[in-house]
Structures are given as structure tokens and as C-alpha cells.
file input33.csv (CSV, C-alpha atoms)
chain,number,residue,atom,x,y,z
N,1,MET,CA,-14.4,41.3,75.3
N,2,SER,CA,-11.6,38.9,76.4
N,3,SER,CA,-8.1,39.6,75.4
N,4,PHE,CA,-8.1,36.3,73.6
N,5,ALA,CA,-11.1,37.2,71.4
N,6,GLU,CA,-9.8,40.7,70.7
N,7,ARG,CA,-6.5,39.4,69.4
N,8,VAL,CA,-8.2,36.8,67.2
N,9,ILE,CA,-10.6,39.4,65.8
N,10,GLU,CA,-7.8,41.9,65.1
N,11,TRP,CA,-5.6,39.3,63.4
N,12,GLN,CA,-8.5,38.0,61.3
N,13,GLN,CA,-9.3,41.5,60.0
N,14,ALA,CA,-5.7,42.1,59.1
N,15,ASP,CA,-4.4,38.7,58.1
N,16,GLY,CA,-7.2,36.2,57.9
N,17,ARG,CA,-8.9,34.9,54.8
N,18,HIS,CA,-11.5,37.1,53.2
N,19,ASP,CA,-12.0,35.8,49.6
N,20,LEU,CA,-13.1,32.2,50.0
N,21,PRO,CA,-16.1,31.5,47.6
N,22,TRP,CA,-18.4,30.9,50.6
N,23,GLN,CA,-17.6,34.1,52.4
N,24,ASN,CA,-19.4,37.4,52.3
N,25,THR,CA,-22.8,35.8,52.1
N,26,ARG,CA,-25.7,35.2,54.5
N,27,ASP,CA,-27.2,32.4,52.3
N,28,PRO,CA,-27.5,29.4,54.7
N,29,TYR,CA,-27.4,27.0,51.8
N,30,LEU,CA,-24.0,28.2,50.6
N,31,ILE,CA,-22.6,28.2,54.2
N,32,TRP,CA,-24.0,24.8,55.0
N,33,LEU,CA,-22.6,23.3,51.8
N,34,SER,CA,-19.1,24.7,52.6
N,35,GLU,CA,-19.1,23.6,56.2
N,36,THR,CA,-20.1,20.1,55.2
N,37,MET,CA,-17.4,19.8,52.6
N,38,LEU,CA,-14.8,21.2,55.0
N,39,GLN,CA,-15.4,18.5,57.5
N,40,GLN,CA,-12.1,16.6,57.6
N,41,THR,CA,-11.0,18.2,54.3
N,42,GLN,CA,-8.7,21.1,53.5
N,43,VAL,CA,-9.9,24.3,51.9
N,44,SER,CA,-7.6,23.8,48.8
N,45,ALA,CA,-9.3,20.5,48.1
N,46,VAL,CA,-12.8,21.7,48.7
N,47,VAL,CA,-12.9,24.9,46.5
N,48,PRO,CA,-13.1,23.2,43.1
N,49,TYR,CA,-15.7,20.7,44.4
N,50,TYR,CA,-17.7,23.5,46.0
N,51,ARG,CA,-17.8,25.4,42.7
N,52,ARG,CA,-18.8,22.4,40.6
N,53,PHE,CA,-21.5,21.4,43.1
N,54,LEU,CA,-23.0,24.8,43.0
N,55,ALA,CA,-22.9,25.0,39.3
N,56,ARG,CA,-25.2,22.0,39.2
N,57,PHE,CA,-27.2,22.5,42.4
N,58,PRO,CA,-27.3,26.3,43.0
N,59,ASP,CA,-30.0,26.1,45.7
N,60,MET,CA,-31.8,23.8,48.2
N,61,ALA,CA,-34.7,23.1,45.8
N,62,SER,CA,-32.4,21.8,43.0
N,63,LEU,CA,-30.5,19.5,45.4
N,64,ALA,CA,-33.6,18.2,47.1
N,65,VAL,CA,-35.1,16.9,43.8
N,66,ALA,CA,-31.8,15.5,42.5
N,67,ASP,CA,-31.0,11.8,42.0
N,68,GLN,CA,-28.6,10.7,44.7
N,69,ASP,CA,-26.4,9.1,42.1
N,70,GLU,CA,-25.8,12.5,40.5
N,71,VAL,CA,-24.9,14.0,43.9
N,72,LEU,CA,-22.4,11.2,44.5
N,73,VAL,CA,-20.8,11.8,41.1
N,74,LEU,CA,-20.1,15.4,42.0
N,75,TRP,CA,-18.7,14.3,45.4
N,76,SER,CA,-16.6,11.5,44.0
N,77,GLY,CA,-13.0,11.9,45.0
N,78,LEU,CA,-13.7,14.2,48.0
N,79,GLY,CA,-14.1,11.2,50.3
N,80,TYR,CA,-16.2,10.5,53.4
N,81,TYR,CA,-19.2,9.9,51.2
N,82,ALA,CA,-21.7,9.8,54.1
N,83,ARG,CA,-21.4,13.6,53.9
N,84,ALA,CA,-22.9,13.6,50.4
N,85,ARG,CA,-25.7,11.2,51.3
N,86,ASN,CA,-26.5,13.3,54.5
N,87,LEU,CA,-26.4,16.5,52.5
N,88,HIS,CA,-28.9,15.1,50.0
N,89,ALA,CA,-31.2,13.8,52.8
N,90,ALA,CA,-31.0,17.0,54.7
N,91,ALA,CA,-32.0,19.0,51.6
N,92,ARG,CA,-35.1,16.9,51.2
N,93,MET,CA,-35.9,17.3,54.9
N,94,VAL,CA,-35.6,21.1,54.7
N,95,VAL,CA,-38.0,21.1,51.8
N,96,GLU,CA,-40.5,18.7,53.3
N,97,ARG,CA,-40.5,19.8,56.9
N,98,HIS,CA,-39.5,23.4,56.7
N,99,ASP,CA,-41.1,24.5,53.4
N,100,GLY,CA,-37.6,25.0,51.9
N,101,GLU,CA,-36.6,27.5,54.6
N,102,PHE,CA,-33.4,26.7,56.3
N,103,PRO,CA,-33.9,26.2,60.0
N,104,GLN,CA,-32.3,28.7,62.3
N,105,THR,CA,-32.2,27.2,65.8
N,106,ILE,CA,-29.3,25.1,66.9
N,107,GLU,CA,-31.7,22.3,67.8
N,108,ASP,CA,-33.4,22.3,64.4
N,109,LEU,CA,-30.0,22.4,62.7
N,110,ILE,CA,-28.6,19.5,64.6
N,111,ALA,CA,-31.7,17.5,63.7
N,112,LEU,CA,-30.6,17.6,60.0
N,113,PRO,CA,-28.6,14.6,58.8
N,114,GLY,CA,-24.9,15.2,59.0
N,115,VAL,CA,-25.1,18.4,61.0
N,116,GLY,CA,-23.3,18.2,64.4
N,117,ARG,CA,-23.0,20.9,67.1
N,118,SER,CA,-20.0,22.6,65.5
N,119,THR,CA,-21.4,22.7,62.0
N,120,ALA,CA,-24.7,24.0,63.5
N,121,GLY,CA,-22.8,26.7,65.3
N,122,ALA,CA,-21.0,27.8,62.2
N,123,ILE,CA,-24.2,28.0,60.2
N,124,SER,CA,-25.9,30.0,63.0
N,125,VAL,CA,-23.0,32.5,63.2
N,126,PHE,CA,-22.4,33.1,59.5
N,127,ALA,CA,-25.9,32.8,58.2
N,128,PHE,CA,-28.0,34.2,61.0
N,129,GLY,CA,-25.6,36.3,63.1
N,130,ALA,CA,-26.1,34.2,66.2
N,131,ARG,CA,-23.7,34.0,69.1
N,132,ALA,CA,-22.7,30.4,69.2
N,133,PRO,CA,-19.4,28.5,69.6
N,134,ILE,CA,-17.8,26.1,67.2
N,135,LEU,CA,-15.3,23.3,67.9
N,136,ASP,CA,-14.0,21.8,64.7
N,137,GLY,CA,-10.6,20.1,64.5
N,138,ASN,CA,-8.7,23.4,63.8
N,139,VAL,CA,-10.3,25.1,66.7
N,140,LYS,CA,-9.6,22.2,69.1
N,141,ARG,CA,-5.9,22.5,68.2
N,142,VAL,CA,-5.8,26.2,68.8
N,143,LEU,CA,-7.6,25.9,72.2
N,144,ALA,CA,-5.5,22.9,73.3
N,145,ARG,CA,-2.2,24.7,72.6
N,146,ALA,CA,-3.3,28.2,73.8
N,147,PHE,CA,-4.6,26.9,77.1
N,148,GLY,CA,-2.5,23.8,77.6
N,149,ILE,CA,-5.5,21.4,77.5
N,150,GLU,CA,-4.2,17.9,77.8
N,151,GLY,CA,-6.0,14.7,76.7
N,152,PHE,CA,-7.3,13.4,73.4
N,153,PRO,CA,-10.0,15.9,72.2
N,154,GLY,CA,-12.1,12.9,70.9
N,155,GLU,CA,-12.7,11.8,74.5
N,156,LYS,CA,-16.0,12.9,75.9
N,157,ALA,CA,-14.6,14.6,79.0
N,158,ILE,CA,-12.0,16.5,77.1
N,159,GLU,CA,-14.4,17.6,74.4
N,160,THR,CA,-16.9,18.7,77.0
N,161,ALA,CA,-14.2,20.8,78.7
N,162,MET,CA,-13.3,22.3,75.3
N,163,TRP,CA,-16.9,23.2,74.6
N,164,ALA,CA,-17.1,25.0,78.0
N,165,ARG,CA,-13.9,26.9,77.2
N,166,ALA,CA,-15.2,27.8,73.7
N,167,GLU,CA,-18.4,29.2,75.3
N,168,THR,CA,-16.6,31.4,77.8
N,169,LEU,CA,-14.3,32.9,75.1
N,170,LEU,CA,-17.2,34.1,72.8
N,171,PRO,CA,-17.2,37.8,72.4
N,172,GLU,CA,-20.4,39.9,72.7
N,173,ARG,CA,-19.9,41.4,69.3
N,174,ASN,CA,-18.0,40.6,66.0
N,175,VAL,CA,-18.7,36.9,66.6
N,176,GLU,CA,-18.5,36.2,62.8
N,177,ILE,CA,-15.1,37.7,62.5
N,178,TYR,CA,-14.0,35.9,65.7
N,179,THR,CA,-15.3,32.5,64.5
N,180,GLN,CA,-13.6,33.0,61.1
N,181,GLY,CA,-10.4,34.0,62.8
N,182,LEU,CA,-10.3,30.8,64.9
N,183,MET,CA,-10.8,28.8,61.8
N,184,ASP,CA,-8.1,30.7,59.9
N,185,LEU,CA,-5.6,30.5,62.8
N,186,GLY,CA,-6.0,26.7,63.0
N,187,ALA,CA,-5.8,26.3,59.2
N,188,SER,CA,-2.9,28.6,58.4
N,189,VAL,CA,-0.9,29.4,61.6
N,190,CYS,CA,-1.5,26.9,64.4
N,191,THR,CA,-1.1,24.0,62.0
N,192,ARG,CA,-0.7,20.4,63.0
N,193,SER,CA,3.0,20.4,61.9
N,194,ARG,CA,5.3,23.4,61.5
N,195,PRO,CA,3.1,25.9,63.2
N,196,ARG,CA,4.0,29.6,62.5
N,197,CYS,CA,4.2,30.7,66.1
N,198,ASP,CA,6.2,33.8,65.2
N,199,ILE,CA,3.2,35.4,63.5
N,200,CYS,CA,0.5,34.0,65.9
N,201,PRO,CA,-1.5,36.7,67.7
N,202,LEU,CA,-1.8,34.4,70.7
N,203,GLN,CA,1.9,33.6,71.1
N,204,GLY,CA,2.4,35.9,74.1
N,205,ASP,CA,0.1,33.8,76.4
N,206,CYS,CA,0.2,30.4,74.6
N,207,VAL,CA,0.8,27.7,77.2
N,208,ALA,CA,2.2,25.2,74.6
N,209,LYS,CA,4.7,27.7,73.3
N,210,ARG,CA,5.8,28.8,76.8
N,211,GLU,CA,6.2,25.2,78.1
N,212,GLY,CA,7.6,23.7,74.9
N,213,ARG,CA,4.6,21.4,74.3
N,214,ILE,CA,3.6,22.5,70.8
N,215,ALA,CA,4.4,19.1,69.3
N,216,SER,CA,2.5,17.2,72.0
N,217,LEU,CA,-0.7,19.2,72.0
N,218,PRO,CA,-3.4,18.5,71.2
N,219,THR,CA,-2.9,15.0,72.7
N,220,PRO,CA,-3.0,12.5,69.8
N,221,ARG,CA,-5.4,9.7,69.5
N,222,PRO,CA,-4.1,6.6,71.4
N,223,ARG,CA,-2.2,4.7,68.8
N,224,LYS,CA,-3.2,1.2,67.8
N,225,PRO,CA,-1.8,-0.9,65.0
N,226,LEU,CA,-3.7,-0.2,61.8
N,227,PRO,CA,-5.5,-3.3,60.8
N,228,GLN,CA,-4.7,-4.6,57.3
N,229,LYS,CA,-7.5,-6.0,55.2
N,230,SER,CA,-7.8,-7.4,51.7
N,231,THR,CA,-10.4,-8.0,49.2
N,232,VAL,CA,-10.8,-9.2,45.6
N,233,MET,CA,-12.7,-7.0,43.2
N,234,LEU,CA,-14.1,-8.9,40.3
N,235,ILE,CA,-14.1,-7.2,36.9
N,236,LEU,CA,-16.6,-9.0,34.8
N,237,ARG,CA,-16.0,-8.1,31.2
N,238,ARG,CA,-18.5,-8.5,28.4
N,239,ASN,CA,-17.5,-7.2,25.0
N,240,ARG,CA,-16.1,-3.8,26.0
N,241,GLU,CA,-18.1,-3.3,29.1
N,242,VAL,CA,-17.6,-4.1,32.8
N,243,LEU,CA,-20.2,-4.8,35.5
N,244,LEU,CA,-20.7,-2.4,38.4
N,245,GLU,CA,-23.1,-2.8,41.3
N,246,ARG,CA,-24.4,-0.2,43.7
N,247,ARG,CA,-23.0,-0.6,47.2
N,248,PRO,CA,-25.6,-0.6,50.1
N,249,ALA,CA,-25.9,2.4,52.4
N,250,PRO,CA,-24.9,2.9,55.1
N,251,GLY,CA,-21.4,1.5,54.9
N,252,ILE,CA,-18.1,2.1,53.2
N,253,TRP,CA,-18.7,3.8,49.8
N,254,GLY,CA,-22.5,3.4,50.5
N,255,GLY,CA,-24.5,4.4,47.4
N,256,LEU,CA,-21.5,4.4,45.1
N,257,TRP,CA,-21.0,2.0,42.1
N,258,SER,CA,-18.2,-0.6,42.5
N,259,PHE,CA,-17.0,-4.0,41.3
N,260,PRO,CA,-18.5,-7.1,42.9
N,261,GLU,CA,-16.2,-8.2,45.8
N,262,ILE,CA,-15.2,-11.6,47.1
N,263,ALA,CA,-12.8,-12.8,49.8
N,264,ASP,CA,-11.2,-15.6,47.8
N,265,LEU,CA,-10.5,-15.5,44.1
N,266,GLY,CA,-10.9,-19.2,43.8
N,267,ASP,CA,-14.5,-18.9,44.7
N,268,ALA,CA,-15.3,-16.5,41.9
N,269,PRO,CA,-16.8,-18.9,39.3
N,270,GLY,CA,-19.3,-20.3,41.7
N,271,ALA,CA,-20.1,-17.0,43.3
N,272,MET,CA,-20.7,-15.3,39.9
N,273,ARG,CA,-23.0,-18.2,38.9
N,274,ILE,CA,-25.1,-17.8,42.0
N,275,ARG,CA,-25.2,-14.0,42.2
N,276,PHE,CA,-25.5,-13.1,38.6
N,277,GLY,CA,-26.2,-16.3,36.7
N,278,ALA,CA,-22.9,-15.6,34.9
N,279,GLU,CA,-20.4,-18.2,33.6
N,280,VAL,CA,-17.0,-16.7,33.7
N,281,MET,CA,-13.4,-17.5,32.6
N,282,ALA,CA,-10.5,-16.2,34.6
N,283,GLU,CA,-8.2,-13.9,32.6
N,284,GLY,CA,-5.7,-12.8,35.3
N,285,THR,CA,-5.2,-9.8,37.6
N,286,LEU,CA,-4.2,-6.2,37.4
N,287,PRO,CA,-1.7,-4.7,39.8
N,288,ALA,CA,-2.9,-4.5,43.4
N,289,VAL,CA,-4.5,-1.2,44.6
N,290,HIS,CA,-3.8,0.1,48.1
N,291,HIS,CA,-6.3,2.4,49.8
N,292,GLY,CA,-6.2,3.8,53.3
N,293,PHE,CA,-9.2,4.4,55.6
N,294,THR,CA,-9.2,6.1,59.0
N,295,HIS,CA,-9.4,2.7,60.8
N,296,TYR,CA,-7.8,0.3,58.5
N,297,ALA,CA,-5.7,-0.2,55.3
N,298,LEU,CA,-7.2,-2.1,52.4
N,299,THR,CA,-5.4,-4.0,49.6
N,300,ILE,CA,-7.5,-4.7,46.5
N,301,THR,CA,-6.7,-7.4,44.0
N,302,PRO,CA,-8.5,-6.6,40.8
N,303,ALA,CA,-9.3,-9.9,39.0
N,304,LEU,CA,-10.4,-10.0,35.4
N,305,LEU,CA,-13.2,-12.4,34.4
N,306,ARG,CA,-14.4,-12.9,30.9
N,307,VAL,CA,-18.2,-13.5,30.8
N,308,THR,CA,-19.1,-16.4,28.6
N,309,GLN,CA,-22.7,-16.8,29.5
N,310,LEU,CA,-25.1,-14.4,31.2
N,311,ALA,CA,-28.5,-14.8,32.8
N,312,LEU,CA,-31.2,-12.0,32.8
N,313,ARG,CA,-30.7,-11.2,36.5
N,314,ALA,CA,-27.4,-9.6,35.7
N,315,HIS,CA,-29.5,-6.8,34.2
N,316,SER,CA,-31.5,-6.2,37.4
N,317,PRO,CA,-31.7,-2.8,39.3
N,318,GLY,CA,-28.5,-2.0,41.1
N,319,LEU,CA,-26.4,-3.4,38.3
N,320,ILE,CA,-25.0,-1.6,35.3
N,321,TRP,CA,-22.8,-2.4,32.4
N,322,LEU,CA,-20.5,0.5,31.3
N,323,THR,CA,-17.3,0.9,29.3
N,324,PRO,CA,-14.3,1.8,31.6
N,325,ALA,CA,-14.2,5.2,30.0
N,326,ASP,CA,-17.8,5.9,30.8
N,327,ALA,CA,-17.6,4.3,34.3
N,328,ILE,CA,-14.7,6.7,35.2
N,329,GLY,CA,-17.2,9.5,35.2
N,330,ALA,CA,-19.8,7.7,37.3
N,331,ALA,CA,-20.2,7.8,41.1
N,332,VAL,CA,-17.4,5.4,41.9
N,333,PRO,CA,-14.9,5.3,44.8
N,334,ALA,CA,-11.3,6.5,44.2
N,335,PRO,CA,-9.7,3.0,44.1
N,336,VAL,CA,-12.4,1.8,41.6
N,337,ARG,CA,-11.7,4.8,39.5
N,338,GLU,CA,-8.0,3.9,39.6
N,339,ILE,CA,-8.7,0.4,38.4
N,340,LEU,CA,-11.0,1.7,35.6
N,341,ARG,CA,-8.2,4.0,34.5
N,342,GLN,CA,-5.9,1.0,34.3
N,343,LEU,CA,-8.4,-0.8,32.1
N,344,ASP,CA,-9.0,2.2,30.0
N,345,ARG,CA,-5.3,2.6,29.4
N,346,GLY,CA,-5.0,-1.1,28.5
N,347,HIS,CA,-2.6,-2.1,31.3
N,348,VAL,CA,-0.9,-5.4,30.8
N,349,VAL,CA,-2.6,-8.2,32.7
N,350,THR,CA,-0.7,-10.4,35.1
N,351,ARG,CA,-1.8,-13.8,34.0
N,352,SER,CA,-3.1,-16.3,36.5
N,353,ALA,CA,-0.9,-19.3,37.0

call {"tool": "encode", "arguments": {"input": "input33.csv", "output": "C-alpha cells"}}
result
Amino acid sequence: MSSFAERVIEWQQADGRHDLPWQNTRDPYLIWLSETMLQQTQVSAVVPYYRRFLARFPDMASLAVADQDEVLVLWSGLGYYARARNLHAAARMVVERHDGEFPQTIEDLIALPGVGRSTAGAISVFAFGARAPILDGNVKRVLARAFGIEGFPGEKAIETAMWARAETLLPERNVEIYTQGLMDLGASVCTRSRPRCDICPLQGDCVAKREGRIASLPTPRPRKPLPQKSTVMLILRRNREVLLERRPAPGIWGGLWSFPEIADLGDAPGAMRIRFGAEVMAEGTLPAVHHGFTHYALTITPALLRVTQLALRAHSPGLIWLTPADAIGAAVPAPVREILRQLDRGHVVTRSA
């Protein structure tokens, strides 16, 4: 066993995390769910979602037969909604193609929607005791600093080199403890900012610490100006209800319920007449909502429209009328929920000129 692996294992046993709700189990469903939720999301944010999700979908069979909308409701607020859609699709695939038995080989795991090589490795290690490497964001940071690996880890050549390094570092035994230790080190010690090098078991040989490159490793993504985008969300109000439409998948917020969107508020009356057969009267706007994505920043102008006449096609599938209070609990994106809360609290409208 390498000195690197030995130190990680010893540290994990003494100081790592041992009481997370998905630990101390071999159930691949529980492990797969946690690994999916933990993709690009911190443990503290995941724990309450994980527990609520399991309370409703305690096993693969219950998730496979669920309506996607209910899955998205339980995911709402956790972000990266493709994970929820993939989770649902993968559950159905396991039931239909594998008779409900979770696949065990890396190849079969990667064939499931939303399961990449690192997630497949973690499932294999924790559920089936396999000897497989992982390479999530935390582990990439540990390896980049410990071995002085330069270059943005998202680049294919750098990632390939990191996978090769991860393979060579695998111990022959205690792979589960080692894998959990790498995750824990990246999450709680070798953090992105303010790493706790003084308690790190790898500090004696860490290239980044020795060469004063902790702040520069791993190499960040090449910076580009974050594009700024804007949209107008149309809040069609009829009596005490608002109109929501299901967004297409794939795409941003795919499968979630949202307000109809339009680029130019001035086009709203004609657009609503064509799309929904609705005659509307402008009532003003609510305060703008700002929402950040990985690749751009979005400014949303919520525009209030009073429906004065409505055709039958506004009651077609993919459309629903709800009160703001009821809609808050539906599968809606975070900024839409923020707008709904403004409506539910009766925020003052900024009147149109």
C-alpha cells in the first residue's frame, strides 16, 4: 500500500466522517441517490433533500413508478434538475432492463442516465466492495495540490492524467475507507478556499504546500466574461390563479413548471392571443429577479397580465392554473418560486407607464 493511501486511510478512520445518512450501508439505491445529489452540491445542502426523498421513494421500485412531476417537486431548490430527470429515468431502466437489480459492473453503471465514471466508481466501491477509482471535484483538488498537477482539470488531457494517477494510488485493501477519506479530505480539509493544511495528513509531501501554490491549484477554468441575459416572465392572472406551463426537456429547468416567457414585454398581448387564445390587460411589473447559472446570469422581469378573455386551449395538457400559494409547492424553479412568494405576500406592483 502506498504511503499516500495509508495516510488517507488512517486519517479517515480517526477524523473522517462516519455518520452521514448514506454511510454504513451496502444498499446501491441509497448510495446511488446520495452520489447523484452530491454532484456539484455540498453535503449540508443534500442531507435534508436526501431524507425527504427517501421518505417518499424508499426504494428503486417506488421511484420507477413515480410521476416525474413528483420527483421534480422533491428536487426543487437543489438545482441541476437534469440530475432528477436522469435519476427517474435510470430507476425505470433498472426495473425494465435489470429486473430491479442494480447493475454491478462499471460499464453497466455508466450506461445508466446521469451516471459518469466517478459516480459509477463510488457506487462500485461502497455498494459492491469493488476496487475502482473516483475523480469528483473534491478528489481532483486533493490530487492537483498533493502532486502539483497543473492545468484545468476539465481539460481532457489533464483529466486523463488525473485518472491515471487515481488508478495507481488505489490500495489493495480498505478501498472503501480510502475512497471516503479522499472525499472527506477534499470536503473538509483541502477546501477550495482556506484549506486546513495544518491538520492535513498529506502536508509532509504536498507539492502545493511546499512550493506555495495552494491558491493556484487546481488550475481554474479559463475565465471569460459571464454573459448577461434577460427574459420577461408573464404572470397571467385569472381570479386568484396564475398560469404555469411545463418547460420542455432537455433544457434549462426542463420538466419544471414556469411562467410563459417572452423577450419583449410589448409583444405580450399578441403572443398571449396566439399561444393561449387569451386577451390580456397589462397591470405592471414586480421587482426584477436575478438568477445565476454556470454559464450566464439571467435577469427576469415578472410582468403581470390580467386575463379578460380565455379560449379553451389555455386548459390543454402542459398548462395549469394554480393559486400562488399552491404553486409554491409545485415543481418550479427557484426564481419562479421567488416570484410566487412575492405574489403570495401581495407585493406592491410597479405600474407600467

call {"tool": "residues_around", "arguments": {"input": "input33.csv", "residues": "Phe53 of chain N", "least_positions_apart": "5", "cutoff": "10 Å", "atoms": "all atoms listed in the file", "output": "JSON, numbers by chain"}}
result
{"N": [33, 47, 48, 58, 63, 71, 73, 74, 75]}

call {"tool": "write_last_selection", "arguments": {"input": "input33.csv", "atoms": "C-alpha atoms", "output": "tab-separated table (two decimals), in the coordinates of the input"}}
result
chain	number	residue	atom	x	y	z
N	33	LEU	CA	-22.60	23.30	51.80
N	47	VAL	CA	-12.90	24.90	46.50
N	48	PRO	CA	-13.10	23.20	43.10
N	58	PRO	CA	-27.30	26.30	43.00
N	63	LEU	CA	-30.50	19.50	45.40
N	71	VAL	CA	-24.90	14.00	43.90
N	73	VAL	CA	-20.80	11.80	41.10
N	74	LEU	CA	-20.10	15.40	42.00
N	75	TRP	CA	-18.70	14.30	45.40

call {"tool": "closest_residue", "arguments": {"input": "input33.csv", "among": "N:Ser34, N:Thr160, N:Leu202, N:Val95", "to": "Ser3 of chain N", "atoms": "all atoms listed in the file"}}
result
N:Leu202

call {"tool": "residues_around", "arguments": {"input": "input33.csv", "residues": "Ala111 of chain N", "least_positions_apart": "6", "cutoff": "10 Å", "atoms": "only C-alpha atoms", "output": "list in words"}}
result
Ala90, Met93, Pro103, Thr105, Arg117 and Ala120 of chain N

call {"tool": "residues_around", "arguments": {"input": "input33.csv", "residues": "Ala263 of chain N", "least_positions_apart": "3", "cutoff": "9 Å", "atoms": "only C-alpha atoms", "output": "VMD selection string"}}
result
chain N and resid 230 to 233 266 to 267

call {"tool": "closest_residue", "arguments": {"input": "input33.csv", "among": "N:Val115, N:Ile199, N:Ala288, N:Ala132", "to": "Glu172 of chain N", "atoms": "all atoms listed in the file"}}
result
N:Ala132

call {"tool": "atom_distance", "arguments": {"input": "input33.csv", "atom1": "atom CA of Arg7 of chain N", "atom2": "atom CA of Ala157 of chain N"}}
result
27.8 Å

call {"tool": "atom_distance", "arguments": {"input": "input33.csv", "atom1": "atom CA of Gln12 of chain N", "atom2": "atom CA of Gly181 of chain N"}}
result
4.7 Å

call {"tool": "closest_residue", "arguments": {"input": "input33.csv", "among": "N:Cys206, N:Leu319, N:Ser44, N:Phe152", "to": "Ala187 of chain N", "atoms": "all atoms listed in the file"}}
result
N:Ser44

call {"tool": "residues_near_point", "arguments": {"input": "input33.csv", "point": "(-14.4, 2.7, 41.5)", "cutoff": "9 Å", "atoms": "all atoms listed in the file", "output": "JSON, numbers by chain"}}
result
{"N": [244, 256, 257, 258, 259, 327, 328, 330, 331, 332, 333, 334, 335, 336, 337, 338, 339, 340]}

call {"tool": "residues_near_point", "arguments": {"input": "input33.csv", "point": "(-6.3, 39.4, 58.2)", "cutoff": "12 Å", "atoms": "only C-alpha atoms", "output": "PDB file with C-alpha atoms, in the coordinates of the input"}}
result
ATOM      1  CA  ARG N   7      -6.500  39.400  69.400  1.00  0.00           C
ATOM      2  CA  VAL N   8      -8.200  36.800  67.200  1.00  0.00           C
ATOM      3  CA  ILE N   9     -10.600  39.400  65.800  1.00  0.00           C
ATOM      4  CA  GLU N  10      -7.800  41.900  65.100  1.00  0.00           C
ATOM      5  CA  TRP N  11      -5.600  39.300  63.400  1.00  0.00           C
ATOM      6  CA  GLN N  12      -8.500  38.000  61.300  1.00  0.00           C
ATOM      7  CA  GLN N  13      -9.300  41.500  60.000  1.00  0.00           C
ATOM      8  CA  ALA N  14      -5.700  42.100  59.100  1.00  0.00           C
ATOM      9  CA  ASP N  15      -4.400  38.700  58.100  1.00  0.00           C
ATOM     10  CA  GLY N  16      -7.200  36.200  57.900  1.00  0.00           C
ATOM     11  CA  ARG N  17      -8.900  34.900  54.800  1.00  0.00           C
ATOM     12  CA  HIS N  18     -11.500  37.100  53.200  1.00  0.00           C
ATOM     13  CA  ASP N  19     -12.000  35.800  49.600  1.00  0.00           C
ATOM     14  CA  ILE N 177     -15.100  37.700  62.500  1.00  0.00           C
ATOM     15  CA  TYR N 178     -14.000  35.900  65.700  1.00  0.00           C
ATOM     16  CA  GLN N 180     -13.600  33.000  61.100  1.00  0.00           C
ATOM     17  CA  GLY N 181     -10.400  34.000  62.800  1.00  0.00           C
ATOM     18  CA  LEU N 182     -10.300  30.800  64.900  1.00  0.00           C
ATOM     19  CA  ASP N 184      -8.100  30.700  59.900  1.00  0.00           C
ATOM     20  CA  LEU N 185      -5.600  30.500  62.800  1.00  0.00           C
ATOM     21  CA  SER N 188      -2.900  28.600  58.400  1.00  0.00           C
ATOM     22  CA  VAL N 189      -0.900  29.400  61.600  1.00  0.00           C
ATOM     23  CA  ILE N 199       3.200  35.400  63.500  1.00  0.00           C
ATOM     24  CA  CYS N 200       0.500  34.000  65.900  1.00  0.00           C
ATOM     25  CA  PRO N 201      -1.500  36.700  67.700  1.00  0.00           C
TER      26      PRO N 201
END

call {"tool": "atom_distance", "arguments": {"input": "input33.csv", "atom1": "atom CA of Ala311 of chain N", "atom2": "atom CA of Gly277 of chain N"}}
result
4.8 Å

call {"tool": "closest_residue", "arguments": {"input": "input33.csv", "among": "N:Arg194, N:His290, N:Arg165, N:Arg145", "to": "Pro218 of chain N", "atoms": "all atoms listed in the file"}}
result
N:Arg145

call {"tool": "closest_residue", "arguments": {"input": "input33.csv", "among": "N:Arg97, N:Arg210, N:Ala144, N:Pro260", "to": "Ala161 of chain N", "atoms": "all atoms listed in the file"}}
result
N:Ala144

call {"tool": "closest_residue", "arguments": {"input": "input33.csv", "among": "N:Val207, N:Trp163, N:Phe4, N:Ile235", "to": "Gly148 of chain N", "atoms": "all atoms listed in the file"}}
result
N:Val207

call {"tool": "residues_around", "arguments": {"input": "input33.csv", "residues": "Pro153 of chain N", "least_positions_apart": "6", "cutoff": "9 Å", "atoms": "only C-alpha atoms", "output": "PyMOL selection string"}}
result
chain N and resi 137+140-141+144+159-160+162+218-221

call {"tool": "residues_around", "arguments": {"input": "input33.csv", "residues": "Pro225 of chain N", "least_positions_apart": "5", "cutoff": "12 Å", "atoms": "all atoms listed in the file", "output": "list in words"}}
result
Thr294, His295, Tyr296 and Ala297 of chain N
